[in-house]
>>> print(open('start_1.tsv').read())   # TSV, C-alpha atoms
chain	number	residue	atom	x	y	z
A	175	MET	CA	-47.78	-7.96	9.34
A	176	ASN	CA	-46.94	-11.09	7.37
A	177	THR	CA	-43.63	-12.98	7.69
A	178	THR	CA	-41.99	-11.40	4.64
A	179	MET	CA	-42.81	-7.92	5.84
A	180	ARG	CA	-41.62	-8.78	9.32
A	181	ILE	CA	-38.27	-10.02	7.93
A	182	LEU	CA	-37.95	-6.90	5.78
A	183	HIS	CA	-38.80	-4.72	8.76
A	184	TRP	CA	-36.06	-6.31	10.86
A	185	LEU	CA	-33.57	-6.28	8.01
A	186	CYS	CA	-34.09	-2.55	7.51
A	187	ARG	CA	-33.73	-1.88	11.22
A	188	VAL	CA	-30.50	-3.89	11.42
A	189	ILE	CA	-29.06	-2.23	8.29
A	190	LEU	CA	-29.82	1.26	9.59
A	191	ALA	CA	-28.55	0.45	13.08
A	192	VAL	CA	-25.25	-0.91	11.73
A	193	VAL	CA	-24.84	2.08	9.41
A	194	PHE	CA	-25.45	4.67	12.13
A	195	ILE	CA	-23.52	2.92	14.91
A	196	TYR	CA	-20.51	2.22	12.69
A	197	SER	CA	-20.53	5.71	11.21
A	198	GLY	CA	-20.77	7.26	14.67
A	199	TYR	CA	-18.09	5.02	16.15
A	200	VAL	CA	-15.55	5.92	13.44
A	201	LYS	CA	-16.11	9.61	14.15
A	202	VAL	CA	-16.07	9.30	17.94
A	203	GLU	CA	-12.62	7.75	17.61
A	204	ALA	CA	-11.28	10.64	15.51
A	205	PRO	CA	-13.04	13.91	16.37
A	206	LEU	CA	-10.25	16.08	14.96
A	207	GLN	CA	-10.21	14.21	11.68
A	208	PHE	CA	-13.99	14.59	11.52
A	209	ALA	CA	-13.56	18.31	12.25
A	210	VAL	CA	-11.24	18.48	9.20
A	211	ALA	CA	-14.00	16.84	7.13
A	212	ILE	CA	-16.66	19.25	8.45
A	213	THR	CA	-14.43	22.25	7.73
A	214	GLY	CA	-13.95	20.89	4.19
A	215	TYR	CA	-17.67	21.33	3.44
A	216	GLN	CA	-17.27	25.10	3.97
A	217	ILE	CA	-20.77	25.35	5.35
A	218	VAL	CA	-20.37	25.92	9.10
A	219	PRO	CA	-18.23	28.53	10.89
A	220	ASP	CA	-14.79	27.26	11.98
A	221	ASN	CA	-15.64	27.52	15.68
A	222	LEU	CA	-18.56	25.10	15.27
A	223	ALA	CA	-16.63	22.37	13.45
A	224	PHE	CA	-15.09	20.77	16.54
A	225	PRO	CA	-18.21	20.90	18.77
A	226	ILE	CA	-20.21	19.27	15.93
A	227	ALA	CA	-17.43	16.71	15.43
A	228	ARG	CA	-17.47	15.93	19.13
A	229	TYR	CA	-21.21	15.55	19.73
A	230	PHE	CA	-22.85	14.64	16.42
A	231	PRO	CA	-21.36	11.09	16.27
A	232	TRP	CA	-23.10	10.33	19.58
A	233	VAL	CA	-26.42	11.36	18.00
A	234	GLU	CA	-25.76	8.85	15.19
A	235	ILE	CA	-24.88	6.08	17.68
A	236	ALA	CA	-27.94	6.84	19.80
A	237	LEU	CA	-30.18	6.79	16.72
A	238	GLY	CA	-28.69	3.46	15.64
A	239	VAL	CA	-29.31	1.91	19.06
A	240	ILE	CA	-32.86	3.31	19.25
A	241	ILE	CA	-33.71	1.90	15.81
A	242	LEU	CA	-32.25	-1.46	16.77
A	243	ILE	CA	-34.23	-1.78	20.00
A	244	GLY	CA	-37.32	-0.40	18.27
A	245	TRP	CA	-38.09	2.36	20.75
A	246	LYS	CA	-40.43	4.96	19.16
A	247	ILE	CA	-39.73	3.28	15.83
A	248	ARG	CA	-42.06	5.59	13.91
A	249	TRP	CA	-40.16	8.66	15.03
A	250	SER	CA	-36.69	7.11	14.95
A	251	SER	CA	-37.17	5.83	11.39
A	252	LEU	CA	-38.45	9.27	10.43
A	253	ALA	CA	-35.34	10.83	12.01
A	254	ALA	CA	-33.12	8.36	10.13
A	255	ALA	CA	-34.78	9.18	6.82
A	256	ALA	CA	-34.54	12.92	7.51
A	257	LEU	CA	-30.84	12.57	8.38
A	258	MET	CA	-30.15	10.56	5.23
A	259	ILE	CA	-31.94	13.16	3.09
A	260	PHE	CA	-29.90	15.88	4.83
A	261	PHE	CA	-26.64	14.03	4.04
A	262	ILE	CA	-27.60	13.49	0.40
A	263	VAL	CA	-28.53	17.17	-0.04
A	264	LEU	CA	-25.31	18.27	1.69
A	265	LEU	CA	-23.13	16.00	-0.45
A	266	SER	CA	-24.90	17.08	-3.65
A	267	ILE	CA	-24.54	20.79	-2.84
A	268	THR	CA	-20.84	20.31	-2.06
A	269	LEU	CA	-20.29	18.41	-5.30
A	270	PHE	CA	-22.15	21.07	-7.31
A	271	ARG	CA	-20.11	23.82	-5.67
A	272	GLY	CA	-17.00	22.08	-7.00
A	273	ILE	CA	-15.46	21.66	-3.55
A	274	GLU	CA	-12.97	18.81	-3.46
A	275	THR	CA	-13.19	17.43	0.04
A	276	ASN	CA	-13.61	14.21	1.95
A	277	CYS	CA	-17.04	12.86	2.72
A	278	GLY	CA	-16.20	11.88	6.31
A	279	CYS	CA	-19.16	9.48	6.15
A	280	PHE	CA	-17.80	6.06	7.12
A	281	GLY	CA	-14.16	6.87	7.59
A	282	PHE	CA	-11.76	9.38	6.17
A	283	GLY	CA	-9.95	9.69	2.86
A	284	ASP	CA	-13.17	9.15	0.92
A	285	PRO	CA	-13.63	12.02	-1.58
A	286	ILE	CA	-17.15	13.17	-2.48
A	287	THR	CA	-18.24	11.80	-5.85
A	288	TRP	CA	-21.53	10.67	-7.38
A	289	LYS	CA	-20.70	7.19	-6.07
A	290	THR	CA	-20.66	8.56	-2.51
A	291	ILE	CA	-24.08	10.13	-3.04
A	292	VAL	CA	-25.53	6.95	-4.56
A	293	ARG	CA	-24.10	4.90	-1.67
A	294	ASP	CA	-25.63	7.21	0.94
A	295	GLY	CA	-28.83	7.32	-1.11
A	296	SER	CA	-29.09	3.53	-0.94
A	297	PHE	CA	-29.36	3.78	2.85
A	298	LEU	CA	-32.37	6.01	2.40
A	299	ILE	CA	-34.32	3.04	1.02
A	300	PRO	CA	-34.52	1.04	4.31
A	301	ALA	CA	-35.25	4.26	6.20
A	302	LEU	CA	-38.13	5.18	3.87
A	303	PHE	CA	-39.43	1.61	3.99
A	304	LEU	CA	-39.61	1.78	7.80
A	305	VAL	CA	-41.26	5.20	7.70
A	306	TYR	CA	-43.86	3.98	5.21
A	307	GLN	CA	-44.51	0.76	7.10
A	308	THR	CA	-44.75	2.19	10.61
A	309	TRP	CA	-46.79	5.27	9.70
A	310	ARG	CA	-49.15	3.26	7.46
A	311	LYS	CA	-49.69	0.89	10.37
A	312	LEU	CA	-50.61	3.85	12.57
A	313	ARG	CA	-53.05	5.19	9.99
A	314	SER	CA	-54.71	1.81	9.60
A	315	LYS	CA	-54.97	1.59	13.42
A	316	ASP	CA	-56.50	5.08	13.50
A	317	SER	CA	-58.99	4.18	10.81
A	318	VAL	CA	-60.00	1.11	12.82
A	319	LEU	CA	-60.26	3.15	16.01
A	320	ALA	CA	-62.03	6.11	14.45
A	321	PRO	CA	-65.60	4.70	14.29
A	322	ALA	CA	-65.27	3.35	17.82
A	323	ASP	CA	-64.12	6.75	19.08
A	324	THR	CA	-67.03	8.43	17.35
A	325	SER	CA	-69.50	5.96	18.74
A	326	ASN	CA	-68.07	6.31	22.24
A	327	GLY	CA	-68.02	10.06	22.06
A	328	SER	CA	-71.47	10.54	20.56
A	329	PRO	CA	-74.41	11.15	22.87
A	330	ALA	CA	-76.73	8.21	23.31
B	279	MET	CA	15.87	-13.81	65.34
B	280	ARG	CA	15.72	-10.78	63.20
B	281	SER	CA	17.59	-10.50	60.00
B	282	HIS	CA	18.60	-7.14	58.67
B	283	SER	CA	19.22	-6.86	54.98
B	284	LYS	CA	21.26	-3.92	53.92
B	285	THR	CA	21.86	-2.88	50.35
B	286	VAL	CA	25.07	-1.08	49.76
B	287	PHE	CA	25.54	0.68	46.44
B	288	GLY	CA	29.07	0.87	45.22
B	289	PRO	CA	30.17	3.38	42.58
B	290	LEU	CA	29.52	0.83	39.82
B	291	GLN	CA	25.96	0.19	40.98
B	292	TRP	CA	25.27	3.93	41.18
B	293	THR	CA	26.60	4.33	37.64
B	294	ASN	CA	24.34	1.50	36.47
B	295	LEU	CA	21.38	3.07	38.24
B	296	VAL	CA	22.03	6.45	36.63
B	297	LEU	CA	22.44	4.76	33.24
B	298	LEU	CA	19.20	2.86	33.73
B	299	PHE	CA	17.35	6.01	34.80
B	300	SER	CA	18.67	8.02	31.86
B	301	THR	CA	17.73	5.21	29.44
B	302	VAL	CA	14.21	5.10	30.86
B	303	SER	CA	13.98	8.89	30.66
B	304	VAL	CA	15.09	8.90	27.04
B	305	ILE	CA	12.53	6.20	26.19
B	306	LEU	CA	9.83	8.21	27.91
B	307	ILE	CA	10.65	11.51	26.27
B	308	THR	CA	11.54	10.25	22.81
B	309	PRO	CA	8.78	11.18	20.36
B	310	ALA	CA	6.55	8.17	19.94
B	311	ALA	CA	6.88	8.29	16.18
B	312	GLY	CA	10.64	8.35	16.74
B	313	PHE	CA	13.49	10.54	15.58
B	314	PRO	CA	14.73	12.13	13.32
B	315	ALA	CA	12.72	15.14	14.18
B	316	GLN	CA	13.01	18.85	14.74
B	317	VAL	CA	11.59	20.30	17.90
B	318	LEU	CA	10.02	23.61	16.93
B	319	GLY	CA	8.85	24.55	20.39
B	320	GLY	CA	7.96	23.32	23.87
B	321	SER	CA	9.90	20.85	25.93
B	322	LEU	CA	9.82	17.14	25.17
B	323	ASP	CA	8.15	16.43	28.51
B	324	SER	CA	5.19	18.73	27.79
B	325	PRO	CA	1.85	17.07	28.57
B	326	VAL	CA	0.91	17.04	24.89
B	327	ARG	CA	3.11	16.47	21.88
B	328	ILE	CA	2.23	17.13	18.25
B	329	GLU	CA	4.32	15.40	15.60
B	330	VAL	CA	3.86	16.71	12.08
B	331	PHE	CA	4.93	15.02	8.85
B	332	SER	CA	5.29	17.82	6.39
B	333	ASP	CA	6.53	18.71	2.92
B	334	PHE	CA	7.82	22.25	2.34
B	335	GLN	CA	6.36	22.43	-1.18
B	336	CYS	CA	2.88	21.25	-0.21
B	337	PRO	CA	0.36	24.16	-0.04
B	338	SER	CA	-1.71	22.55	2.73
B	339	CYS	CA	1.47	22.09	4.79
B	340	ARG	CA	2.14	25.79	4.32
B	341	GLU	CA	-1.32	26.65	5.64
B	342	LEU	CA	-0.98	24.24	8.54
B	343	TYR	CA	2.37	25.71	9.56
B	344	LEU	CA	1.57	29.40	9.08
B	345	ASP	CA	-2.05	29.43	10.27
B	346	VAL	CA	-2.04	26.70	12.89
B	347	MET	CA	1.31	25.50	14.19
B	348	ARG	CA	2.86	28.94	14.55
B	349	ARG	CA	-0.07	29.92	16.79
B	350	VAL	CA	0.30	26.67	18.74
B	351	LEU	CA	3.97	27.58	19.29
B	352	VAL	CA	3.00	30.99	20.66
B	353	GLU	CA	-0.07	30.02	22.71
B	354	TYR	CA	0.94	26.59	24.02
B	355	SER	CA	4.60	25.75	23.44
B	356	LYS	CA	5.96	28.86	25.17
B	357	GLN	CA	4.24	27.67	28.36
B	358	ASN	CA	5.51	24.12	27.74
B	359	LYS	CA	1.97	22.82	27.38
B	360	VAL	CA	2.51	21.43	23.89
B	361	CYS	CA	5.68	20.27	22.20
B	362	VAL	CA	5.66	20.66	18.43
B	363	ILE	CA	7.91	18.34	16.45
B	364	TYR	CA	8.35	18.32	12.67
B	365	HIS	CA	9.42	15.32	10.61
B	366	GLU	CA	10.62	15.83	7.05
B	367	PHE	CA	8.45	14.04	4.52
B	368	PRO	CA	9.31	15.48	1.06
B	369	LEU	CA	7.02	13.94	-1.53
B	370	PRO	CA	8.64	12.76	-4.79
B	371	THR	CA	6.03	14.65	-6.82
B	372	HIS	CA	7.42	17.97	-5.59
B	373	GLN	CA	10.55	19.01	-7.44
B	374	TYR	CA	12.21	21.17	-4.80
B	375	SER	CA	10.86	19.83	-1.55
B	376	TRP	CA	13.85	17.57	-0.82
B	377	GLU	CA	16.24	20.49	-1.24
B	378	ALA	CA	14.03	22.65	0.97
B	379	ALA	CA	14.06	19.91	3.59
B	380	ARG	CA	17.87	19.94	3.43
B	381	TYR	CA	17.90	23.65	4.28
B	382	ALA	CA	15.50	23.10	7.17
B	383	GLU	CA	17.38	20.09	8.49
B	384	ALA	CA	20.68	22.00	8.37
B	385	ALA	CA	19.05	25.04	10.01
B	386	GLY	CA	18.21	22.83	12.96
B	387	ARG	CA	21.94	22.69	13.70
B	388	LEU	CA	22.07	26.49	13.93
B	389	GLY	CA	19.68	26.47	16.86
B	390	GLN	CA	15.92	26.56	17.33
B	391	GLN	CA	15.51	30.28	16.69
B	392	LYS	CA	17.27	30.25	13.32
B	393	MET	CA	15.56	27.01	12.41
B	394	LEU	CA	12.18	28.68	12.96
B	395	MET	CA	13.29	31.62	10.82
B	396	VAL	CA	14.19	29.22	8.02
B	397	TYR	CA	10.85	27.42	8.39
B	398	ASP	CA	9.06	30.78	8.18
B	399	ALA	CA	11.05	31.81	5.11
B	400	LEU	CA	10.47	28.50	3.32
B	401	TYR	CA	6.73	28.45	3.91
B	402	MET	CA	6.14	32.18	3.40
B	403	ASN	CA	8.01	32.22	0.09
B	404	GLN	CA	6.79	28.82	-1.06
B	405	SER	CA	4.98	30.18	-4.11
B	406	SER	CA	8.16	31.75	-5.49
B	407	TRP	CA	10.81	29.06	-4.87
B	408	ALA	CA	8.38	26.31	-5.83
B	409	GLN	CA	8.40	27.88	-9.32
B	410	ASP	CA	12.09	28.55	-9.85
B	411	GLY	CA	13.84	26.51	-7.16
B	412	LYS	CA	15.73	29.56	-5.88
B	413	LEU	CA	15.80	28.56	-2.24
B	414	ASP	CA	18.86	30.66	-1.42
B	415	ALA	CA	16.89	33.80	-2.26
B	416	ALA	CA	14.15	32.85	0.18
B	417	ILE	CA	16.54	31.92	2.98
B	418	SER	CA	18.71	35.03	2.54
B	419	LYS	CA	15.68	37.13	3.49
B	420	VAL	CA	15.94	35.90	7.07
B	421	LEU	CA	19.55	34.79	7.58
B	422	SER	CA	22.67	36.90	7.48
B	423	ARG	CA	25.27	36.15	4.81
B	424	GLU	CA	27.46	34.62	7.49
B	425	ASP	CA	24.70	32.32	8.73
B	426	LEU	CA	23.79	31.35	5.20
B	427	GLN	CA	27.39	30.34	4.56
B	428	LYS	CA	27.35	28.26	7.76
B	429	LEU	CA	24.12	26.68	6.63
B	430	LYS	CA	25.55	25.79	3.23
B	431	LYS	CA	28.55	24.22	4.91
B	432	ILE	CA	26.34	22.12	7.20
B	433	MET	CA	24.32	21.03	4.17
B	434	GLN	CA	27.43	19.34	2.75
B	435	ASP	CA	27.28	16.84	5.61
B	436	PRO	CA	25.91	13.51	4.29
B	437	GLY	CA	24.08	13.21	7.61
B	438	ILE	CA	21.57	15.80	6.38
B	439	ASN	CA	20.32	13.61	3.53
B	440	ALA	CA	20.40	10.59	5.84
B	441	ALA	CA	18.21	12.42	8.39
B	442	ILE	CA	15.64	13.31	5.72
B	443	GLU	CA	15.70	9.75	4.41
B	444	LYS	CA	14.99	8.53	7.95
B	445	GLY	CA	12.04	10.91	8.14
B	446	VAL	CA	10.67	9.47	4.90
B	447	GLN	CA	11.17	5.92	6.19
B	448	LEU	CA	9.39	6.83	9.39
B	449	ALA	CA	6.47	8.21	7.40
B	450	ARG	CA	6.32	4.98	5.39
B	451	GLN	CA	6.44	2.92	8.57
B	452	ASN	CA	3.42	4.89	9.75
B	453	ARG	CA	1.79	4.20	6.34
B	454	LEU	CA	1.47	7.85	5.51
B	455	ASN	CA	0.80	8.80	1.93
B	456	SER	CA	-0.22	12.41	2.16
B	457	THR	CA	0.91	15.62	3.74
B	458	PRO	CA	0.32	17.21	6.12
B	459	THR	CA	-0.36	14.42	8.57
B	460	PHE	CA	0.08	14.88	12.27
B	461	PHE	CA	-0.20	12.84	15.42
B	462	ILE	CA	-1.15	14.07	18.87
B	463	TYR	CA	0.34	12.25	21.82
B	464	SER	CA	-0.05	12.40	25.55
B	465	GLY	CA	3.07	10.67	26.85
B	466	GLN	CA	3.41	7.52	24.78
B	467	ARG	CA	-0.29	7.30	24.06
B	468	GLN	CA	-1.42	8.35	20.60
B	469	LEU	CA	-4.60	10.39	20.96
B	470	GLN	CA	-5.31	11.45	17.42
B	471	LYS	CA	-4.08	11.09	13.86
B	472	VAL	CA	-5.08	13.93	11.59
B	473	GLU	CA	-4.66	14.11	7.82
B	474	GLY	CA	-5.26	17.37	6.04
B	475	ARG	CA	-5.68	20.92	7.11
B	476	LEU	CA	-7.23	21.53	10.48
B	477	THR	CA	-8.18	25.03	11.59
B	478	PHE	CA	-6.48	26.54	14.63
B	479	VAL	CA	-9.88	27.05	16.30
B	480	SER	CA	-10.67	23.33	16.18
B	481	LEU	CA	-7.21	22.35	17.38
B	482	LYS	CA	-7.39	24.90	20.19
B	483	GLN	CA	-10.79	23.60	21.33
B	484	TYR	CA	-9.37	20.08	21.38
B	485	LEU	CA	-6.13	21.03	23.15
B	486	ASP	CA	-7.94	23.08	25.79
B	487	ARG	CA	-10.16	20.11	26.54
B	488	ILE	CA	-7.32	17.60	26.95
B	489	LEU	CA	-5.10	20.03	28.84
B	490	GLN	CA	-7.80	20.74	31.45
>>> encode(input="start_1.tsv", output="structure tokens")
Amino acid sequence: MNTTMRILHWLCRVILAVVFIYSGYVKVEAPLQFAVAITGYQIVPDNLAFPIARYFPWVEIALGVIILIGWKIRWSSLAAAALMIFFIVLLSITLFRGIETNCGCFGFGDPITWKTIVRDGSFLIPALFLVYQTWRKLRSKDSVLAPADTSNGSPA
Amino acid sequence: MRSHSKTVFGPLQWTNLVLLFSTVSVILITPAAGFPAQVLGGSLDSPVRIEVFSDFQCPSCRELYLDVMRRVLVEYSKQNKVCVIYHEFPLPTHQYSWEAARYAEAAGRLGQQKMLMVYDALYMNQSSWAQDGKLDAAISKVLSREDLQKLKKIMQDPGINAAIEKGVQLARQNRLNSTPTFFIYSGQRQLQKVEGRLTFVSLKQYLDRILQ
């Protein structure tokens, strides 16, 4: 990995870590307000809104920390990308359904608009970059290892 | 040589002590957001206190009161687990909400039971009086003619408008710009600030957790 790629790799990790840790922290501080936001999406039963509001922010914080320290970076970046795609789909569906509610993404009092979707979509870029970079690295490693494995495994 | 110190309280000191104690008690039990306020249920020294800033003409406030707070009053306030306090916060965009707040504020002086009846009548009939402003018609459904006359007399007191104005000021001090907004306190500590309509199920799950 050259220097530019290394800088980009770290920049993406820091951006994603800050996004997830901040987003989780805001929600941990206000679980009831987050429950109001979840209820506003009209997608989960009422009795699940508070449990989700209580535990999901910790998942975001944990993911942010894991990405920052680089533990299982291939899988954590994949999880981050999957989560971002999930958010974008959820926001788009809610907007298409004509539901006027708050995003509850990085605070409260932020109504869902196309701007919200574009903003969340922009965080998908560093996640996809990390996924591409880390999984490509694995594939190139595999392709280097593959002949050796074959040679080792083949009968003399 | 031993010295014995002896404190003797005279009547004046006892009076001062009682005054001090009562002042401390009032500070401790005064709603953190401050008065004016109407206690809808539960005692002020309940372990949890919910303070709602509400507008009688706001549809979300109606839902919060009828679907959530009334159930909190039945399931928690009757056992003095949660004290529910309402602050008037009539928004200028709503034509009749100030007048409705005047009825509610005056009803508070008729006692808690009648006040709750007036709250019920105002929120249940919101869709009709919000159109024509006929608040008397809504209130007369729950109060006797005699009580309604008493209520009208109380409403002439300039203190009613002053109390509502204080509620509005309090909302502005707390930088509120939408209704319903409510705060949850445990003692003097603010636990949560919630804007918008919360379901009873979510609030119950939260209350049960903090009351454990």
>>> residues_around(input="start_1.tsv", residues="Ser266 in chain A", least_positions_apart="2", cutoff="10 Å", atoms="only C-alpha atoms", output="list in words")
Phe260, Phe261, Ile262, Val263, Leu264, Thr268, Leu269, Phe270, Arg271, Gly272, Ile286, Thr287, Trp288, Thr290 and Ile291 of chain A
>>> residues_around(input="start_1.tsv", residues="Phe460 in chain B", least_positions_apart="3", cutoff="9 Å", atoms="all atoms listed in the file", output="list in words")
Ile328, Glu329, Val330, Phe331, Ser332, Tyr364, Thr457, Gln470, Lys471, Val472, Glu473 and Gly474 of chain B
>>> interface_residues(input="start_1.tsv", of="chain A", to="chain B", cutoff="9 Å", atoms="only C-alpha atoms", output="number ranges by chain")
A: 203-211, 213-214, 220-225, 282-283
>>> atom_distance(input="start_1.tsv", atom1="CA of Gln434 in chain B", atom2="CA of Asp414 in chain B")
14.8 Å
>>> residues_around(input="start_1.tsv", residues="Ser418 in chain B", least_positions_apart="5", cutoff="10 Å", atoms="all atoms listed in the file", output="number ranges by chain")
B: 396, 399, 413, 423, 425-426
>>> write_last_selection(input="start_1.tsv", atoms="C-alpha atoms", output="tab-separated table (two decimals), keeping the file's coordinate frame")
chain	number	residue	atom	x	y	z
B	396	VAL	CA	14.19	29.22	8.02
B	399	ALA	CA	11.05	31.81	5.11
B	413	LEU	CA	15.80	28.56	-2.24
B	423	ARG	CA	25.27	36.15	4.81
B	425	ASP	CA	24.70	32.32	8.73
B	426	LEU	CA	23.79	31.35	5.20
>>> residues_around(input="start_1.tsv", residues="Pro436 in chain B", least_positions_apart="4", cutoff="12 Å", atoms="only C-alpha atoms", output="ChimeraX atom specification")
/B:380,383-384,431-432,440-443
>>> atom_distance(input="start_1.tsv", atom1="CA of Leu298 in chain A", atom2="CA of Met258 in chain A")
5.8 Å
>>> axis_aligned_box(input="start_1.tsv", around="range 363-368 of chain B", padding_each_side="5 Å", output="lines of an AutoDock Vina configuration file")
center_x = 9.3
center_y = 16.2
center_z = 8.8
size_x = 12.7
size_y = 14.3
size_z = 25.4
>>> residues_near_point(input="start_1.tsv", point="(11.4, 10.4, 0.9)", cutoff="7 Å", atoms="all atoms listed in the file", output="list in words")
Phe367, Pro368, Leu369, Pro370, Glu443, Val446 and Gln447 of chain B
>>> atom_distance(input="start_1.tsv", atom1="CA of Lys444 in chain B", atom2="CA of Leu318 in chain B")
18.2 Å
